[in-house]
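**Q** Data file run-v9.cif (mmCIF, C-alpha atoms) is appended below.
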data_query
loop_
_atom_site.label_atom_id
_atom_site.label_comp_id
_atom_site.auth_asym_id
_atom_site.auth_seq_id
_atom_site.Cartn_x
_atom_site.Cartn_y
_atom_site.Cartn_z
CA MET A 1 15.77 -19.39 -53.82
CA LYS A 2 15.26 -21.83 -50.95
CA ALA A 3 12.98 -19.51 -48.98
CA LYS A 4 10.77 -18.93 -52.03
CA ILE A 5 10.46 -22.65 -52.80
CA VAL A 6 9.70 -23.49 -49.15
CA GLU A 7 6.97 -20.86 -49.04
CA LEU A 8 5.49 -22.10 -52.33
CA LEU A 9 5.49 -25.78 -51.34
CA THR A 10 4.04 -24.96 -47.91
CA ASN A 11 0.90 -23.69 -49.62
CA ASN A 12 1.09 -25.85 -52.78
CA PRO A 13 2.70 -29.24 -52.05
CA GLY A 14 3.28 -31.71 -54.87
CA LEU A 15 4.53 -29.47 -57.70
CA LYS A 16 6.78 -30.51 -60.56
CA GLY A 17 10.04 -28.64 -61.05
CA LYS A 18 8.75 -26.81 -64.11
CA GLU A 19 5.66 -25.69 -62.18
CA ILE A 20 7.80 -24.35 -59.36
CA ALA A 21 9.95 -22.47 -61.87
CA ARG A 22 6.90 -21.00 -63.60
CA LYS A 23 5.21 -19.85 -60.41
CA LEU A 24 8.41 -18.25 -59.14
CA SER A 25 9.47 -16.83 -62.53
CA LEU A 26 12.73 -18.77 -62.42
CA GLU A 27 14.57 -20.92 -64.96
CA LYS A 28 13.45 -24.56 -64.88
CA LYS A 29 17.03 -25.79 -65.21
CA SER A 30 18.27 -23.82 -62.20
CA VAL A 31 15.30 -24.89 -60.07
CA ASN A 32 15.73 -28.59 -60.88
CA SER A 33 19.45 -28.39 -60.31
CA TYR A 34 18.95 -26.72 -56.95
CA LEU A 35 16.35 -29.24 -55.78
CA TYR A 36 18.33 -32.31 -56.82
CA HIS A 37 21.59 -31.04 -55.29
CA ASP A 38 20.17 -29.60 -52.06
CA LYS A 39 21.76 -31.45 -49.12
CA SER A 40 19.70 -29.92 -46.30
CA GLY A 41 16.98 -32.57 -46.41
CA THR A 42 14.31 -29.91 -46.77
CA PHE A 43 12.81 -31.30 -50.00
CA ILE A 44 11.73 -34.78 -51.07
CA GLU A 45 10.65 -36.03 -54.54
CA ARG A 46 7.76 -38.41 -55.15
CA LYS A 47 6.83 -39.35 -58.72
CA ASN A 48 8.53 -36.24 -60.13
CA GLU A 49 6.68 -33.99 -57.68
CA TRP A 50 8.31 -32.04 -54.89
CA PHE A 51 7.26 -31.81 -51.24
CA LEU A 52 8.71 -30.45 -48.03
CA ALA A 53 10.33 -33.25 -46.05
CA ASN A 54 9.03 -31.63 -42.85
CA ILE A 55 6.08 -29.32 -43.28
CA GLY A 56 6.85 -27.97 -39.83
CA ALA A 57 4.36 -26.91 -37.20
CA VAL A 58 0.66 -26.45 -37.94
CA LEU A 59 -1.34 -24.73 -35.20
CA ARG A 60 -5.11 -24.82 -35.51
CA PHE A 61 -7.28 -22.23 -33.75
CA GLU A 62 -10.95 -23.13 -33.82
CA LYS A 63 -13.62 -21.92 -31.44
CA SER A 64 -17.24 -20.87 -31.63
CA GLY A 65 -17.48 -17.23 -30.57
CA TRP A 66 -14.66 -15.07 -29.27
CA LEU A 67 -11.07 -16.30 -29.18
CA THR A 68 -9.67 -14.83 -25.95
CA THR A 69 -6.07 -14.59 -24.76
CA CYS A 70 -6.73 -17.65 -22.56
CA ASP A 71 -7.96 -19.61 -25.58
CA PHE A 72 -4.97 -18.49 -27.64
CA GLU A 73 -2.48 -19.54 -24.96
CA ALA A 74 -4.15 -22.91 -24.39
CA LEU A 75 -4.26 -23.79 -28.10
CA LEU A 76 -0.70 -22.59 -28.52
CA LYS A 77 0.50 -25.00 -25.81
CA GLU A 78 -1.33 -27.90 -27.48
CA GLY A 79 0.67 -27.48 -30.69
CA SER A 80 4.26 -28.17 -31.67
CA ASP A 81 7.20 -26.23 -30.26
CA VAL A 82 7.35 -23.43 -32.81
CA TRP A 83 10.76 -22.34 -31.47
CA SER A 84 12.43 -25.69 -32.15
CA ASP A 85 15.45 -25.47 -34.46
CA SER A 86 14.12 -28.49 -36.36
CA ILE A 87 11.00 -26.57 -37.42
CA GLU A 88 11.52 -24.24 -40.35
CA THR A 89 7.90 -23.54 -41.25
CA VAL A 90 5.01 -22.56 -38.99
CA ARG A 91 1.42 -22.37 -40.16
CA PHE A 92 -1.38 -20.77 -38.11
CA GLU A 93 -4.88 -21.79 -39.22
CA PHE A 94 -8.06 -20.09 -37.95
CA TYR A 95 -11.60 -21.43 -38.16
CA ASN A 96 -15.00 -19.98 -37.23
CA CYS A 97 -13.85 -17.58 -34.52
CA SER A 98 -13.81 -13.88 -33.75
CA ILE A 99 -10.48 -12.83 -32.26
CA LEU A 100 -10.28 -10.42 -29.35
CA LEU A 101 -7.71 -7.64 -29.48
CA GLY A 102 -5.53 -9.13 -26.74
CA ALA A 103 -5.15 -12.42 -28.62
CA ILE A 104 -4.46 -10.56 -31.86
CA SER A 105 -1.61 -8.58 -30.31
CA ARG A 106 0.04 -11.74 -28.97
CA LEU A 107 -0.31 -13.47 -32.33
CA LEU A 108 1.27 -10.46 -34.02
CA SER A 109 4.25 -10.42 -31.67
CA LEU A 110 4.85 -14.18 -31.86
CA VAL A 111 4.62 -14.28 -35.66
CA ASN A 112 7.01 -11.34 -36.09
CA GLN A 113 9.49 -12.85 -33.65
CA LEU A 114 9.46 -16.20 -35.48
CA ALA A 115 9.81 -14.51 -38.86
CA SER A 116 12.69 -12.34 -37.63
CA ILE A 117 14.79 -15.45 -36.89
CA GLY A 118 14.18 -16.88 -40.36
CA LYS A 119 11.19 -19.16 -39.92
CA HIS A 120 8.67 -19.28 -42.77
CA VAL A 121 5.32 -18.31 -41.29
CA THR A 122 1.90 -18.60 -42.92
CA LEU A 123 -1.37 -17.21 -41.55
CA ASP A 124 -4.39 -18.97 -43.03
CA PHE A 125 -7.79 -17.30 -42.50
CA THR A 126 -9.63 -19.05 -45.33
CA GLY A 127 -11.82 -20.75 -42.70
CA CYS A 128 -12.41 -17.54 -40.81
CA THR A 129 -13.55 -15.01 -43.41
CA LYS A 130 -15.50 -12.69 -41.10
CA SER A 131 -12.55 -12.09 -38.80
CA PHE A 132 -10.25 -11.81 -41.80
CA SER A 133 -12.26 -8.89 -43.20
CA TYR A 134 -12.16 -7.15 -39.81
CA LEU A 135 -8.40 -7.67 -39.46
CA CYS A 136 -7.87 -6.21 -42.93
CA ARG A 137 -9.97 -3.20 -41.97
CA ILE A 138 -7.96 -2.38 -38.84
CA GLY A 139 -4.66 -2.64 -40.73
CA LEU A 140 -3.32 -5.64 -38.85
CA PHE A 141 -1.56 -7.34 -41.75
CA GLU A 142 0.45 -4.23 -42.56
CA THR A 143 2.19 -4.67 -39.20
CA PHE A 144 3.48 -8.21 -39.87
CA HIS A 145 7.02 -9.00 -40.98
CA GLU A 146 7.34 -8.71 -44.75
CA SER A 147 8.21 -12.41 -45.13
CA VAL A 148 4.91 -13.62 -43.59
CA THR A 149 2.45 -15.23 -46.01
CA VAL A 150 -1.24 -14.39 -45.47
CA LEU A 151 -4.14 -16.36 -46.94
CA PRO A 152 -6.46 -15.44 -48.63
CA GLN A 153 -5.28 -12.31 -50.43
CA ILE A 154 -5.25 -9.26 -48.17
CA LYS A 155 -7.99 -6.73 -48.86
CA ASP A 156 -7.08 -3.06 -49.18
CA SER A 157 -9.10 -1.37 -46.46
CA SER A 158 -6.97 1.76 -46.01
CA SER A 159 -9.98 3.96 -46.77
CA TYR A 160 -11.47 2.85 -43.43
CA TYR A 161 -8.44 3.84 -41.33
CA GLY A 162 -9.13 6.49 -38.75
CA GLY A 163 -12.82 6.64 -39.65
CA ASN A 164 -14.19 5.08 -36.50
CA ASN A 165 -13.20 6.25 -33.03
CA LYS A 166 -14.43 2.97 -31.58
CA VAL A 167 -11.60 1.21 -33.39
CA MET A 168 -7.97 2.27 -33.11
CA GLU A 169 -6.04 0.61 -35.91
CA PHE A 170 -2.89 -1.26 -34.97
CA VAL A 171 -0.20 1.40 -34.90
CA LEU A 172 3.48 0.53 -35.04
CA ILE A 173 5.91 2.12 -32.61
CA PRO A 174 9.34 1.67 -34.26
CA ALA A 175 12.35 0.97 -32.05
CA GLU A 176 13.94 4.32 -32.89
CA THR A 177 10.83 6.34 -32.04
CA GLN A 178 11.55 9.34 -29.82
CA GLN A 179 8.01 10.65 -29.49
CA THR A 180 4.56 9.85 -30.83
CA ASN A 181 1.07 11.34 -30.89
CA LEU A 182 -0.45 7.90 -30.37
CA PRO A 183 -1.49 8.59 -26.74
CA VAL A 184 -3.47 11.60 -27.94
CA LYS A 185 -5.19 9.51 -30.62
CA LEU A 186 -6.16 6.87 -28.09
CA LYS A 187 -7.35 9.54 -25.66
CA ASN A 188 -9.58 11.03 -28.36
CA SER A 189 -11.07 7.62 -29.04
CA PHE A 190 -11.70 7.25 -25.32
CA ILE A 191 -13.41 10.66 -25.13
CA GLU A 192 -15.62 9.77 -28.09
CA LEU A 193 -16.81 6.73 -26.17
CA ALA A 194 -16.93 7.85 -22.54
CA GLY A 195 -16.75 11.64 -22.52
CA GLU A 196 -14.27 13.88 -20.73
CA GLN A 197 -14.86 12.61 -17.19
CA HIS A 198 -12.11 9.97 -17.12
CA SER A 199 -10.10 11.12 -20.12
CA ASN A 200 -7.12 12.47 -18.14
CA ALA A 201 -6.82 9.25 -16.16
CA ALA A 202 -7.03 7.29 -19.39
CA PHE A 203 -4.40 9.48 -21.02
CA GLY A 204 -2.07 8.93 -18.05
CA PHE A 205 -1.80 5.16 -18.27
CA ILE A 206 -1.94 5.13 -22.08
CA ALA A 207 0.99 7.53 -22.31
CA GLU A 208 2.94 5.66 -19.64
CA PHE A 209 2.80 2.29 -21.34
CA ILE A 210 3.53 3.69 -24.78
CA ASN A 211 6.55 5.50 -23.32
CA ASN A 212 7.65 2.21 -21.76
CA ILE A 213 7.62 0.63 -25.21
CA ILE A 214 9.70 3.51 -26.58
CA GLU A 215 12.22 3.57 -23.72
CA HIS A 216 12.59 -0.01 -22.55
CA SER A 217 11.75 -2.57 -25.24
CA GLN A 218 15.39 -2.79 -26.48
CA SER A 219 14.27 -4.66 -29.58
CA PRO A 220 14.58 -3.99 -33.33
CA ASN A 221 11.01 -5.26 -33.72
CA PRO A 222 8.44 -2.45 -33.45
CA GLY A 223 5.94 -2.23 -30.64
CA VAL A 224 2.21 -1.81 -31.27
CA ALA A 225 -0.82 -0.27 -29.59
CA ALA A 226 -4.54 -0.49 -30.35
CA LEU A 227 -7.99 0.11 -28.86
CA GLN A 228 -11.30 -1.60 -29.47
CA VAL A 229 -14.81 -0.96 -28.14
CA TYR A 230 -17.06 -3.99 -27.72
CA ASN A 231 -20.83 -4.21 -27.40
CA LYS A 232 -22.60 -3.13 -24.26
CA SER A 233 -23.78 -5.74 -21.77
CA LYS A 234 -25.61 -5.20 -18.49
CA ASN A 235 -25.57 -1.45 -19.06
CA ARG A 236 -21.78 -1.42 -19.35
CA THR A 237 -19.45 -0.90 -22.28
CA LYS A 238 -16.25 -2.90 -22.60
CA VAL A 239 -13.11 -1.21 -23.90
CA GLN A 240 -9.96 -3.23 -24.57
CA THR A 241 -6.61 -1.52 -25.03
CA VAL A 242 -3.38 -3.38 -25.81
CA PHE A 243 0.29 -2.42 -25.74
CA SER A 244 2.91 -4.89 -26.94
CA ASP A 245 6.64 -4.91 -27.56
CA SER A 246 9.12 -7.67 -28.39
CA GLY A 247 11.94 -6.60 -26.08
CA LYS A 248 13.41 -8.02 -22.88
CA GLY A 249 10.25 -7.49 -20.86
CA ILE A 250 9.76 -5.83 -17.49
CA ILE A 251 11.35 -8.71 -15.59
CA GLY A 252 14.07 -9.20 -18.19
CA THR A 253 15.31 -5.62 -17.78
CA LEU A 254 14.97 -5.66 -14.00
CA ARG A 255 16.60 -8.97 -13.04
CA PRO A 256 20.18 -7.99 -14.08
CA VAL A 257 20.14 -4.95 -11.74
CA LEU A 258 17.85 -6.18 -8.96
CA ALA A 259 20.54 -7.43 -6.56
CA GLU A 260 22.54 -4.20 -6.80
CA ARG A 261 19.68 -1.68 -6.78
CA TYR A 262 17.05 -3.46 -4.71
CA PRO A 263 18.75 -6.13 -2.57
CA GLN A 264 15.67 -6.60 -0.37
CA LEU A 265 13.54 -7.51 -3.37
CA HIS A 266 16.31 -9.75 -4.72
CA ASN A 267 16.43 -11.65 -1.42
CA LYS A 268 12.64 -11.81 -1.22
CA TYR A 269 12.25 -13.05 -4.80
CA PRO A 270 15.44 -14.98 -5.72
CA PRO A 271 15.60 -16.29 -9.30
CA SER A 272 15.87 -19.87 -8.04
CA LYS A 273 12.50 -19.72 -6.27
CA GLU A 274 9.50 -21.13 -8.15
CA ASN A 275 7.31 -18.45 -9.73
CA SER A 276 9.58 -15.83 -8.21
CA ASP A 277 9.35 -13.55 -11.27
CA ILE A 278 5.55 -13.63 -11.12
CA HIS A 279 5.43 -12.52 -7.49
CA LEU A 280 8.08 -9.87 -8.16
CA LEU A 281 6.02 -8.40 -10.98
CA ASN A 282 2.93 -8.45 -8.76
CA GLU A 283 4.71 -6.36 -6.12
CA ILE A 284 6.06 -3.94 -8.73
CA LEU A 285 2.59 -3.30 -10.13
CA GLN A 286 1.14 -2.67 -6.68
CA SER A 287 4.02 -0.89 -4.92
CA GLY A 288 6.03 0.78 -7.70
CA GLY A 289 9.37 2.49 -7.08
CA VAL A 290 11.37 -0.09 -9.02
CA SER A 291 13.13 0.53 -12.31
CA GLY A 292 15.42 -1.48 -14.57
CA ALA A 293 16.10 1.55 -16.78
CA ASN A 294 19.67 2.06 -17.98
CA ASP A 295 19.70 5.51 -16.42
CA SER A 296 21.82 7.03 -13.66
CA ASN A 297 18.66 8.72 -12.35
CA TYR A 298 16.79 5.45 -11.93
CA LEU A 299 16.00 6.27 -8.29
CA GLY A 300 13.56 8.90 -9.49
CA ARG A 301 11.81 6.50 -11.80
CA GLY A 302 9.89 3.26 -11.59
CA LEU A 303 6.52 4.55 -10.36
CA GLY A 304 4.87 4.43 -13.77
CA LEU A 305 3.51 0.89 -13.57
CA LYS A 306 1.99 1.48 -10.15
CA LEU A 307 0.44 4.80 -11.14
CA SER A 308 -0.88 3.33 -14.39
CA ALA A 309 -2.54 0.49 -12.52
CA LYS A 310 -3.98 2.94 -10.01
CA GLN A 311 -5.44 5.11 -12.77
CA ALA A 312 -6.84 2.14 -14.66
CA ALA A 313 -8.48 0.89 -11.47
CA LYS A 314 -10.88 3.84 -11.61
CA PHE A 315 -12.65 2.11 -14.48
CA ASP A 316 -13.17 -1.32 -12.87
CA ALA A 317 -10.35 -2.71 -14.96
CA THR A 318 -8.80 -6.09 -15.57
CA ILE A 319 -5.08 -5.69 -16.25
CA CYS A 320 -3.16 -8.59 -17.78
CA VAL A 321 0.62 -8.35 -18.15
CA ARG A 322 2.30 -11.12 -20.14
CA GLN A 323 6.03 -11.71 -19.95
CA GLU A 324 8.19 -14.24 -21.78
CA ARG A 325 6.80 -17.34 -20.05
CA PHE A 326 3.99 -16.19 -17.76
CA GLU A 327 1.14 -13.73 -17.34
CA LEU A 328 -0.22 -11.90 -14.31
CA THR A 329 -3.82 -10.68 -14.11
CA LEU A 330 -5.12 -8.04 -11.68
CA LYS A 331 -8.83 -7.29 -11.34
CA TYR A 332 -10.02 -4.03 -9.80
CA VAL A 333 -13.50 -3.26 -8.50
CA ASP A 334 -14.54 0.18 -7.20
CA GLY A 335 -10.96 1.40 -7.40
CA LYS A 336 -9.48 -1.42 -5.31
CA LEU A 337 -7.65 -4.63 -6.15
CA ASN A 338 -10.22 -7.41 -5.90
CA GLU A 339 -8.32 -10.42 -7.26
CA SER A 340 -4.94 -11.43 -8.68
CA SER A 341 -4.08 -14.60 -10.56
CA TYR A 342 -1.36 -15.92 -12.83
CA SER A 343 -0.57 -18.54 -15.45
CA ALA A 344 2.91 -20.04 -15.71
CA ASP A 345 4.79 -22.21 -18.23
CA LEU A 346 3.39 -20.42 -21.27
CA ILE A 347 4.88 -20.75 -24.75
CA LYS A 348 7.73 -18.30 -25.20
CA ILE A 349 6.83 -14.85 -26.53
CA PHE A 350 9.47 -12.20 -25.91
CA GLY A 351 8.60 -8.78 -24.55
CA THR A 352 5.81 -7.23 -22.53
CA HIS A 353 2.19 -7.55 -23.63
CA ILE A 354 -0.31 -5.53 -21.64
CA CYS A 355 -4.06 -5.84 -22.07
CA PHE A 356 -6.57 -3.60 -20.28
CA ASP A 357 -10.26 -4.44 -20.15
CA PHE A 358 -12.33 -1.47 -18.93
CA TYR A 359 -15.96 -1.52 -18.03
CA LEU A 360 -17.67 1.87 -18.33
CA ARG A 361 -21.21 2.59 -17.30
#
In structure tokens, what does this structure look like?
**A**
Amino acid sequence: MKAKIVELLTNNPGLKGKEIARKLSLEKKSVNSYLYHDKSGTFIERKNEWFLANIGAVLRFEKSGWLTTCDFEALLKEGSDVWSDSIETVRFEFYNCSILLGAISRLLSLVNQLASIGKHVTLDFTGCTKSFSYLCRIGLFETFHESVTVLPQIKDSSSYYGGNNKVMEFVLIPAETQQTNLPVKLKNSFIELAGEQHSNAAFGFIAEFINNIIEHSQSPNPGVAALQVYNKSKNRTKVQTVFSDSGKGIIGTLRPVLAERYPQLHNKYPPSKENSDIHLLNEILQSGGVSGANDSNYLGRGLGLKLSAKQAAKFDATICVRQERFELTLKYVDGKLNESSYSADLIKIFGTHICFDFYLR
């Protein structure tokens, strides 16, 4: 009963007991008794109307134009600590912005992680109707935790699914998945856009990162993958592909075995050294040969990240890999690494979140 009342009062503060009972199809007597005898301090009464004592965290995302991953991270840091034990409800509000795929995937992972630990999460798109319609069409809201409240009412856009190769709907990769045809679907979307010339290279890194989600996420929360084609500019077409899971992350699976398997790397990047994990990930992406897999044959593994980056570089790609508290960005030009940068002290989001931006002529 508590969860239902909290959710109702989050969106409709100031209701009388009988109104709460009516909206939730409960007996008025049991609702009033519960509210008056609740000792948690969650509810307060003012003039016979009920409110949440602490509405929790409200995070507002407002920007003219595209909301990028950088915008999302910056606005997230400006808000309350959504992971605090004292915060039971979290509300995300969006205004006047179009949301890029990379930011969407991070929002999805964060919301599902918060909901999975019992927080009451609301997504409010009433001030962002254009993006809301798009997100309905690509099936985003079907991938959120069942307890998440979405405003306004979700539109049924299932008839659009799979009808446009320039949009790959968000596809769940459940934790128990053994195999999936998702790489083939993404490859077909890529061929529709760019032809056969680079399709095998594209298939290689797509399959690798989806397999990483299947094999290494170690999380009950499903992973996701999606692809989006954006408008041409300067005779180039931008393709963004995202892969996200809510597991331990690349560094999280590697750190426990690093000293035993790769003592040189452990000594070079000790956990106590500032930004050590960032520099370790940078070397892994560029050199490969390192694996945190729970596998006796690990010596024959660990090249996937390097090979994936090498293949993606053929497209003049920007590769962003987000871990629990930081992200690393690699930019390739003409098949070579041109620039690397990182952001530290980000708000916690478990798992690995990879975003590729490709520029095709």
**Q** When distances are computed from all atoms listed in the file, which of A:Pro183, A:Thr89, A:Phe356, A:Tyr95 shows the smallest separation from Glu208 of chain A?
**A**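 Among the listed residues, A:Pro183 lies closest to Glu208 of chain A.
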**Q** Tell me which of A:Glu339, A:Gly247, A:Arg255, A:Met1 sits closest to Ser25 of chain A, counting all atoms listed in the file.
**A** A:Met1
**Q** What is the atom CA of Ile214 of chain A-atom CA of Gly249 of chain A distance in Å, reported with one decimal?
**A**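 Interatomic distance here is 12.4 Å.
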**Q** Between atom CA of Gln228 of chain A and atom CA of Ile173 of chain A, what distance in Å does the model show, to one decimal?
**A**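 Spanning atom CA of Gln228 of chain A to atom CA of Ile173 of chain A is a straight-line distance of 17.9 Å.
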**Q** Translate the PyMOL selection byres ((chain A and resi 141-149) around 9), as applied to the file shown, into an explicit residue set as a list in words.
**A**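 Those residues are Glu7, Leu108, Ser109, Val111, Asn112, Gln113, Ala115, Ser116, Gly118, His120, Val121, Thr122, Leu123, Asp124, Leu135, Cys136, Ile138, Gly139, Leu140, Val150, Leu151, Ile154, Phe170, Val171, Leu172, Pro222 and Val224 of chain A.
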**Q** Quick one: residues within 10 Å of Gln218 of chain A, all atoms listed in the file counted, chain neighbours fewer than 5 positions away excluded, as JSON, numbers by chain?
**A** {"A": [175, 176, 213, 245, 246, 247, 248, 249, 253, 351]}
